[in-house]
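Enquirer: Input start_35.pdb, format and content: PDB, C-alpha atoms, pLDDT in the B column.
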ATOM      1  CA  MET A   3     -21.996  13.002  32.696  1.00 48.00           C
ATOM      2  CA  LYS A   4     -23.590  16.150  31.309  1.00 53.00           C
ATOM      3  CA  PRO A   5     -24.254  16.161  27.533  1.00 49.00           C
ATOM      4  CA  PHE A   6     -21.785  18.994  26.861  1.00 46.00           C
ATOM      5  CA  ALA A   7     -19.082  17.320  28.915  1.00 46.00           C
ATOM      6  CA  LEU A   8     -19.682  14.053  27.069  1.00 42.00           C
ATOM      7  CA  ILE A   9     -19.399  15.778  23.674  1.00 42.00           C
ATOM      8  CA  ALA A  10     -16.219  17.568  24.752  1.00 44.00           C
ATOM      9  CA  ALA A  11     -14.730  14.264  25.926  1.00 44.00           C
ATOM     10  CA  LEU A  12     -15.584  12.590  22.610  1.00 41.00           C
ATOM     11  CA  VAL A  13     -14.051  15.460  20.624  1.00 41.00           C
ATOM     12  CA  ALA A  14     -10.874  15.275  22.731  1.00 43.00           C
ATOM     13  CA  LEU A  15     -10.695  11.500  22.291  1.00 41.00           C
ATOM     14  CA  THR A  16     -11.148  11.803  18.523  1.00 41.00           C
ATOM     15  CA  ALA A  17      -8.415  14.443  18.305  1.00 40.00           C
ATOM     16  CA  ALA A  18      -6.044  12.323  20.391  1.00 39.00           C
ATOM     17  CA  THR A  19      -6.728   9.240  18.249  1.00 39.00           C
ATOM     18  CA  THR A  20      -6.152  11.179  15.019  1.00 41.00           C
ATOM     19  CA  ALA A  21      -2.945  12.716  16.333  1.00 42.00           C
ATOM     20  CA  SER A  22      -1.514   9.327  17.334  1.00 56.00           C
ATOM     21  CA  ALA A  23      -2.440   7.705  14.013  1.00 74.00           C
ATOM     22  CA  GLN A  24       0.387   9.470  12.205  1.00 85.00           C
ATOM     23  CA  ASN A  25       2.853  12.268  12.716  1.00 94.00           C
ATOM     24  CA  ALA A  26       2.420  14.918  10.012  1.00 95.00           C
ATOM     25  CA  GLY A  27       5.660  16.650  11.006  1.00 96.00           C
ATOM     26  CA  GLN A  28       7.672  13.451  10.631  1.00 97.00           C
ATOM     27  CA  ILE A  29       5.991  12.664   7.305  1.00 97.00           C
ATOM     28  CA  SER A  30       6.810  16.155   6.033  1.00 96.00           C
ATOM     29  CA  ALA A  31      10.430  15.820   7.160  1.00 96.00           C
ATOM     30  CA  VAL A  32      10.822  12.500   5.323  1.00 97.00           C
ATOM     31  CA  ARG A  33       9.149  13.907   2.193  1.00 96.00           C
ATOM     32  CA  ASN A  34      11.805  16.642   2.314  1.00 96.00           C
ATOM     33  CA  GLY A  35      14.636  14.094   2.537  1.00 97.00           C
ATOM     34  CA  ALA A  36      15.208  13.572   6.280  1.00 97.00           C
ATOM     35  CA  ASN A  37      16.179  10.309   7.927  1.00 98.00           C
ATOM     36  CA  CYS A  38      13.560   9.243  10.422  1.00 97.00           C
ATOM     37  CA  PRO A  39      14.254   5.958  12.230  1.00 98.00           C
ATOM     38  CA  ARG A  40      11.403   4.700  14.447  1.00 97.00           C
ATOM     39  CA  CYS A  41       9.099   7.473  13.194  1.00 97.00           C
ATOM     40  CA  ASN A  42       5.326   7.219  12.881  1.00 97.00           C
ATOM     41  CA  LEU A  43       4.748   7.453   9.123  1.00 97.00           C
ATOM     42  CA  PHE A  44       1.413   5.665   9.093  1.00 97.00           C
ATOM     43  CA  GLN A  45      -0.356   6.174   5.738  1.00 97.00           C
ATOM     44  CA  ALA A  46       2.416   8.496   4.516  1.00 97.00           C
ATOM     45  CA  ASP A  47       2.266   9.484   0.853  1.00 97.00           C
ATOM     46  CA  LEU A  48       5.831   9.005  -0.373  1.00 98.00           C
ATOM     47  CA  SER A  49       4.780   8.266  -3.945  1.00 98.00           C
ATOM     48  CA  ASN A  50       6.778   9.671  -6.857  1.00 98.00           C
ATOM     49  CA  LEU A  51       9.591  10.863  -4.561  1.00 98.00           C
ATOM     50  CA  GLU A  52      13.324  10.276  -4.790  1.00 97.00           C
ATOM     51  CA  LEU A  53      14.538   9.384  -1.305  1.00 96.00           C
ATOM     52  CA  LYS A  54      17.842   7.544  -1.685  1.00 97.00           C
ATOM     53  CA  SER A  55      19.959   6.149   1.174  1.00 98.00           C
ATOM     54  CA  LYS A  56      17.541   7.102   3.941  1.00 98.00           C
ATOM     55  CA  ASN A  57      17.309   5.541   7.390  1.00 98.00           C
ATOM     56  CA  LEU A  58      13.680   4.624   8.088  1.00 98.00           C
ATOM     57  CA  SER A  59      14.569   1.572  10.169  1.00 98.00           C
ATOM     58  CA  GLY A  60      11.997   0.611  12.761  1.00 98.00           C
ATOM     59  CA  ALA A  61       9.524   3.146  11.356  1.00 98.00           C
ATOM     60  CA  ARG A  62       5.774   2.593  11.280  1.00 98.00           C
ATOM     61  CA  LEU A  63       4.996   2.815   7.565  1.00 98.00           C
ATOM     62  CA  ARG A  64       1.815   0.789   7.618  1.00 98.00           C
ATOM     63  CA  GLN A  65      -0.462   1.597   4.642  1.00 98.00           C
ATOM     64  CA  ALA A  66       2.107   4.040   3.235  1.00 98.00           C
ATOM     65  CA  ASP A  67       2.248   4.729  -0.503  1.00 98.00           C
ATOM     66  CA  PHE A  68       5.643   4.295  -2.216  1.00 96.00           C
ATOM     67  CA  SER A  69       4.180   4.091  -5.736  1.00 98.00           C
ATOM     68  CA  THR A  70       6.870   4.829  -8.338  1.00 98.00           C
ATOM     69  CA  ALA A  71       9.186   6.226  -5.657  1.00 98.00           C
ATOM     70  CA  ILE A  72      12.950   5.800  -5.960  1.00 98.00           C
ATOM     71  CA  MET A  73      14.274   4.676  -2.596  1.00 98.00           C
ATOM     72  CA  ASN A  74      17.560   2.955  -3.394  1.00 98.00           C
ATOM     73  CA  ARG A  75      19.691   1.841  -0.429  1.00 98.00           C
ATOM     74  CA  THR A  76      17.026   2.933   2.072  1.00 98.00           C
ATOM     75  CA  SER A  77      16.761   0.980   5.324  1.00 98.00           C
ATOM     76  CA  PHE A  78      13.324  -0.176   6.394  1.00 98.00           C
ATOM     77  CA  ALA A  79      14.890  -2.794   8.699  1.00 98.00           C
ATOM     78  CA  GLY A  80      12.616  -3.855  11.539  1.00 98.00           C
ATOM     79  CA  GLY A  81       9.829  -1.584  10.318  1.00 98.00           C
ATOM     80  CA  ASP A  82       6.070  -2.055  10.130  1.00 98.00           C
ATOM     81  CA  LEU A  83       5.331  -1.991   6.395  1.00 98.00           C
ATOM     82  CA  ARG A  84       2.067  -3.923   6.476  1.00 98.00           C
ATOM     83  CA  ASP A  85      -0.259  -3.041   3.600  1.00 98.00           C
ATOM     84  CA  VAL A  86       2.323  -0.779   1.902  1.00 98.00           C
ATOM     85  CA  ASN A  87       1.726   0.038  -1.764  1.00 98.00           C
ATOM     86  CA  ALA A  88       5.068   0.028  -3.580  1.00 98.00           C
ATOM     87  CA  TYR A  89       3.707  -0.286  -7.129  1.00 98.00           C
ATOM     88  CA  GLY A  90       6.544   0.346  -9.585  1.00 98.00           C
ATOM     89  CA  ALA A  91       8.920   1.537  -6.843  1.00 98.00           C
ATOM     90  CA  VAL A  92      12.680   1.341  -7.348  1.00 98.00           C
ATOM     91  CA  LEU A  93      14.179  -0.110  -4.179  1.00 98.00           C
ATOM     92  CA  THR A  94      17.628  -1.294  -5.286  1.00 98.00           C
ATOM     93  CA  GLY A  95      19.711  -2.395  -2.305  1.00 98.00           C
ATOM     94  CA  ALA A  96      16.981  -1.478   0.202  1.00 98.00           C
ATOM     95  CA  SER A  97      16.961  -3.334   3.521  1.00 98.00           C
ATOM     96  CA  PHE A  98      13.739  -4.980   4.627  1.00 98.00           C
ATOM     97  CA  ALA A  99      15.567  -7.171   7.168  1.00 98.00           C
ATOM     98  CA  ARG A 100      13.180  -8.242   9.968  1.00 98.00           C
ATOM     99  CA  ALA A 101      10.454  -5.923   8.583  1.00 98.00           C
ATOM    100  CA  ASP A 102       6.792  -6.889   8.593  1.00 98.00           C
ATOM    101  CA  LEU A 103       5.613  -6.616   4.967  1.00 98.00           C
ATOM    102  CA  THR A 104       2.342  -8.505   5.475  1.00 98.00           C
ATOM    103  CA  ASN A 105      -0.101  -7.854   2.603  1.00 98.00           C
ATOM    104  CA  ALA A 106       2.189  -5.294   0.941  1.00 98.00           C
ATOM    105  CA  SER A 107       2.091  -4.777  -2.824  1.00 98.00           C
ATOM    106  CA  PHE A 108       5.364  -4.702  -4.735  1.00 98.00           C
ATOM    107  CA  VAL A 109       3.707  -5.099  -8.135  1.00 98.00           C
ATOM    108  CA  GLY A 110       6.208  -4.108 -10.814  1.00 98.00           C
ATOM    109  CA  ALA A 111       8.794  -3.048  -8.215  1.00 98.00           C
ATOM    110  CA  TYR A 112      12.536  -3.152  -8.859  1.00 98.00           C
ATOM    111  CA  LEU A 113      14.094  -4.937  -5.871  1.00 98.00           C
ATOM    112  CA  GLN A 114      17.545  -5.913  -7.123  1.00 98.00           C
ATOM    113  CA  GLY A 115      19.950  -6.355  -4.207  1.00 98.00           C
ATOM    114  CA  ALA A 116      17.196  -5.772  -1.625  1.00 98.00           C
ATOM    115  CA  ASN A 117      17.708  -7.602   1.680  1.00 98.00           C
ATOM    116  CA  PHE A 118      14.755  -9.635   2.957  1.00 98.00           C
ATOM    117  CA  SER A 119      16.539 -11.474   5.810  1.00 98.00           C
ATOM    118  CA  GLY A 120      13.972 -12.418   8.435  1.00 98.00           C
ATOM    119  CA  ALA A 121      11.229 -10.313   6.795  1.00 98.00           C
ATOM    120  CA  ARG A 122       7.598 -11.378   7.105  1.00 98.00           C
ATOM    121  CA  LEU A 123       6.232 -11.753   3.549  1.00 98.00           C
ATOM    122  CA  SER A 124       2.808 -13.245   4.215  1.00 98.00           C
ATOM    123  CA  GLY A 125       0.327 -12.079   1.577  1.00 98.00           C
ATOM    124  CA  VAL A 126       2.864  -9.914  -0.289  1.00 98.00           C
ATOM    125  CA  ASN A 127       2.160  -9.469  -4.017  1.00 98.00           C
ATOM    126  CA  PHE A 128       5.379  -9.548  -6.057  1.00 98.00           C
ATOM    127  CA  SER A 129       3.695  -9.760  -9.478  1.00 98.00           C
ATOM    128  CA  GLY A 130       6.046  -8.379 -12.109  1.00 98.00           C
ATOM    129  CA  ALA A 131       8.722  -7.564  -9.521  1.00 98.00           C
ATOM    130  CA  GLU A 132      12.372  -7.803 -10.501  1.00 98.00           C
ATOM    131  CA  MET A 133      14.106  -9.378  -7.543  1.00 98.00           C
ATOM    132  CA  ASN A 134      16.390 -12.031  -9.008  1.00 98.00           C
ATOM    133  CA  ARG A 135      19.368 -10.470  -7.188  1.00 98.00           C
ATOM    134  CA  ALA A 136      17.551  -9.979  -3.857  1.00 98.00           C
ATOM    135  CA  VAL A 137      19.293 -11.453  -0.819  1.00 98.00           C
ATOM    136  CA  GLY A 138      18.181 -13.043   2.424  1.00 98.00           C
ATOM    137  CA  LEU A 139      15.151 -14.753   0.899  1.00 98.00           C
ATOM    138  CA  SER A 140      14.028 -18.239   1.851  1.00 98.00           C
ATOM    139  CA  GLN A 141      11.589 -20.486   0.045  1.00 98.00           C
ATOM    140  CA  GLY A 142       9.478 -20.486   3.207  1.00 98.00           C
ATOM    141  CA  GLN A 143       9.100 -16.698   3.019  1.00 98.00           C
ATOM    142  CA  LEU A 144       8.133 -16.840  -0.658  1.00 98.00           C
ATOM    143  CA  ASN A 145       5.605 -19.621  -0.045  1.00 98.00           C
ATOM    144  CA  GLY A 146       3.501 -17.108   1.893  1.00 98.00           C
ATOM    145  CA  ALA A 147       3.722 -14.467  -0.852  1.00 98.00           C
ATOM    146  CA  CYS A 148       2.543 -14.523  -4.459  1.00 98.00           C
ATOM    147  CA  GLY A 149       3.674 -13.448  -7.909  1.00 98.00           C
ATOM    148  CA  ASP A 150       3.119 -14.157 -11.580  1.00 98.00           C
ATOM    149  CA  ASP A 151       5.003 -15.416 -14.621  1.00 97.00           C
ATOM    150  CA  SER A 152       6.888 -12.125 -14.938  1.00 98.00           C
ATOM    151  CA  THR A 153       8.190 -12.131 -11.337  1.00 98.00           C
ATOM    152  CA  LEU A 154      11.978 -12.505 -11.445  1.00 98.00           C
ATOM    153  CA  LEU A 155      13.313 -14.503  -8.488  1.00 98.00           C
ATOM    154  CA  PRO A 156      16.790 -15.660  -7.504  1.00 98.00           C
ATOM    155  CA  ARG A 157      17.760 -18.946  -9.132  1.00 97.00           C
ATOM    156  CA  GLY A 158      16.201 -21.970  -7.455  1.00 97.00           C
ATOM    157  CA  PHE A 159      13.269 -20.110  -5.899  1.00 98.00           C
ATOM    158  CA  SER A 160       9.597 -20.230  -6.836  1.00 98.00           C
ATOM    159  CA  ILE A 161       6.542 -18.279  -5.767  1.00 98.00           C
ATOM    160  CA  PRO A 162       2.835 -19.207  -5.754  1.00 98.00           C
ATOM    161  CA  ARG A 163       0.674 -17.475  -8.358  1.00 98.00           C
ATOM    162  CA  CYS A 164      -1.538 -14.650  -7.142  1.00 97.00           C
ATOM    163  CA  ARG A 165      -5.262 -15.341  -7.347  1.00 90.00           C
TER     164      ARG A 165
END
Any chance you could give the structure as structure tokens?
Expert:
Amino acid sequence: MKPFALIAALVALTAATTASAQNAGQISAVRNGANCPRCNLFQADLSNLELKSKNLSGARLRQADFSTAIMNRTSFAGGDLRDVNAYGAVLTGASFARADLTNASFVGAYLQGANFSGARLSGVNFSGAEMNRAVGLSQGQLNGACGDDSTLLPRGFSIPRCR
């Protein structure tokens, strides 16, 4: 392959990879209040927003930032939320049913009434989270997560301490 053709191919490949990493149009729509099930919201900055009762089920939200967002009654069911940062987020009644939350951070999050049925919680940090009225939790799920003395869990549940 000629050097210029090789460079052009690499530039095209880089552009295609960047474009498939996230969808800026979908992220913008959600930031403006749209529902977006099964959207590609990879690394979306949704911090400090108020997005109540949204449908983001099945969406790819990996590495997204929900810091101090208010997302009450929002559905993330079946979504990819690995490595999400939800520090101080208010997620009352949100659905995380069957979602993959691996290595997410819910430090200081308000999760009252949130549904965690079938969610993957491996490596999730719930330090300081208020989730004593969360539903769909099992001890097995919590055994793979961690918290601290200020984590509020439903009666009868415990969580390993974060290291």
Enquirer: Since I can't run it myself right now, could you work out what the PyMOL selection byres ((chain A and resi 140-152) around 12) selects here and report it as a ChimeraX atom specification?
Expert: /A:100,102-111,117-134,136-139,153-165
Enquirer: Quick one: write out the picked residues with C-alpha atoms as a compact mmCIF listing (two decimals), in the coordinates of the input?
Expert:
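Saved to result-v3.txt:
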# COMPACT_ATOMS: atom_id res chain seq x y z
CA ARG A 100 13.18 -8.24 9.97
CA ASP A 102 6.79 -6.89 8.59
CA LEU A 103 5.61 -6.62 4.97
CA THR A 104 2.34 -8.51 5.48
CA ASN A 105 -0.10 -7.85 2.60
CA ALA A 106 2.19 -5.29 0.94
CA SER A 107 2.09 -4.78 -2.82
CA PHE A 108 5.36 -4.70 -4.74
CA VAL A 109 3.71 -5.10 -8.14
CA GLY A 110 6.21 -4.11 -10.81
CA ALA A 111 8.79 -3.05 -8.22
CA ASN A 117 17.71 -7.60 1.68
CA PHE A 118 14.76 -9.64 2.96
CA SER A 119 16.54 -11.47 5.81
CA GLY A 120 13.97 -12.42 8.44
CA ALA A 121 11.23 -10.31 6.80
CA ARG A 122 7.60 -11.38 7.10
CA LEU A 123 6.23 -11.75 3.55
CA SER A 124 2.81 -13.24 4.22
CA GLY A 125 0.33 -12.08 1.58
CA VAL A 126 2.86 -9.91 -0.29
CA ASN A 127 2.16 -9.47 -4.02
CA PHE A 128 5.38 -9.55 -6.06
CA SER A 129 3.70 -9.76 -9.48
CA GLY A 130 6.05 -8.38 -12.11
CA ALA A 131 8.72 -7.56 -9.52
CA GLU A 132 12.37 -7.80 -10.50
CA MET A 133 14.11 -9.38 -7.54
CA ASN A 134 16.39 -12.03 -9.01
CA ALA A 136 17.55 -9.98 -3.86
CA VAL A 137 19.29 -11.45 -0.82
CA GLY A 138 18.18 -13.04 2.42
CA LEU A 139 15.15 -14.75 0.90
CA THR A 153 8.19 -12.13 -11.34
CA LEU A 154 11.98 -12.50 -11.44
CA LEU A 155 13.31 -14.50 -8.49
CA PRO A 156 16.79 -15.66 -7.50
CA ARG A 157 17.76 -18.95 -9.13
CA GLY A 158 16.20 -21.97 -7.46
CA PHE A 159 13.27 -20.11 -5.90
CA SER A 160 9.60 -20.23 -6.84
CA ILE A 161 6.54 -18.28 -5.77
CA PRO A 162 2.84 -19.21 -5.75
CA ARG A 163 0.67 -17.48 -8.36
CA CYS A 164 -1.54 -14.65 -7.14
CA ARG A 165 -5.26 -15.34 -7.35
Enquirer: Would you compute the distance between CA of Pro39 (chain A) and CA of Leu63 (chain A)? Give it in Å to one decimal.
Expert: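 One can read the CA of Pro39 (chain A) to CA of Leu63 (chain A) distance as 10.8 Å.
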Enquirer: Within 12 Å of (18.1, -0.3, 6.7) (file coordinates; only C-alpha atoms), which protein or nucleic acid residues are there? I'd like them as a PyMOL selection string.
Expert: chain A and resi 37-40+54-61+73-81+93+95-101+116-119
Enquirer: Which residues would end up in the selection if the PyMOL selection byres ((chain A and resi 28-32) around 9) were applied here, given that I need the answer as JSON, numbers by chain?
Expert: {"A": [24, 25, 26, 27, 33, 34, 35, 36, 37, 38, 41, 42, 43, 44, 46, 47, 48, 53, 56, 58]}
Enquirer: When distances are computed from all atoms listed in the file, which of A:Gln45, A:Asn50, A:Ala23, A:Arg62 shows the smallest separation from Gly90 (chain A)?
Expert: A:Asn50
Enquirer: Might I get the box with edges along x, y and z of the file that holds all atoms of region 98-106 of chain A listed there, padded by 6 Å on every side, given as centre and edge lengths in Å to one decimal, as lines of an AutoDock Vina configuration file?
Expert:
center_x = 7.7
center_y = -6.7
center_z = 5.5
size_x = 27.7
size_y = 15.5
size_z = 21.0
Enquirer: Could you check how far CA of Phe68 (chain A) sits from CA of Arg84 (chain A), in Å to one decimal?
Expert: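 That distance, rounded to one decimal, is 12.5 Å.
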Enquirer: Check what the PyMOL selection byres ((chain A and resi 91) around 6) selects in the file above and give those residues as a list in words.
Expert: Ser69, Thr70, Ala71, Ile72, Ala88, Tyr89, Gly90, Val92 and Ala111 of chain A
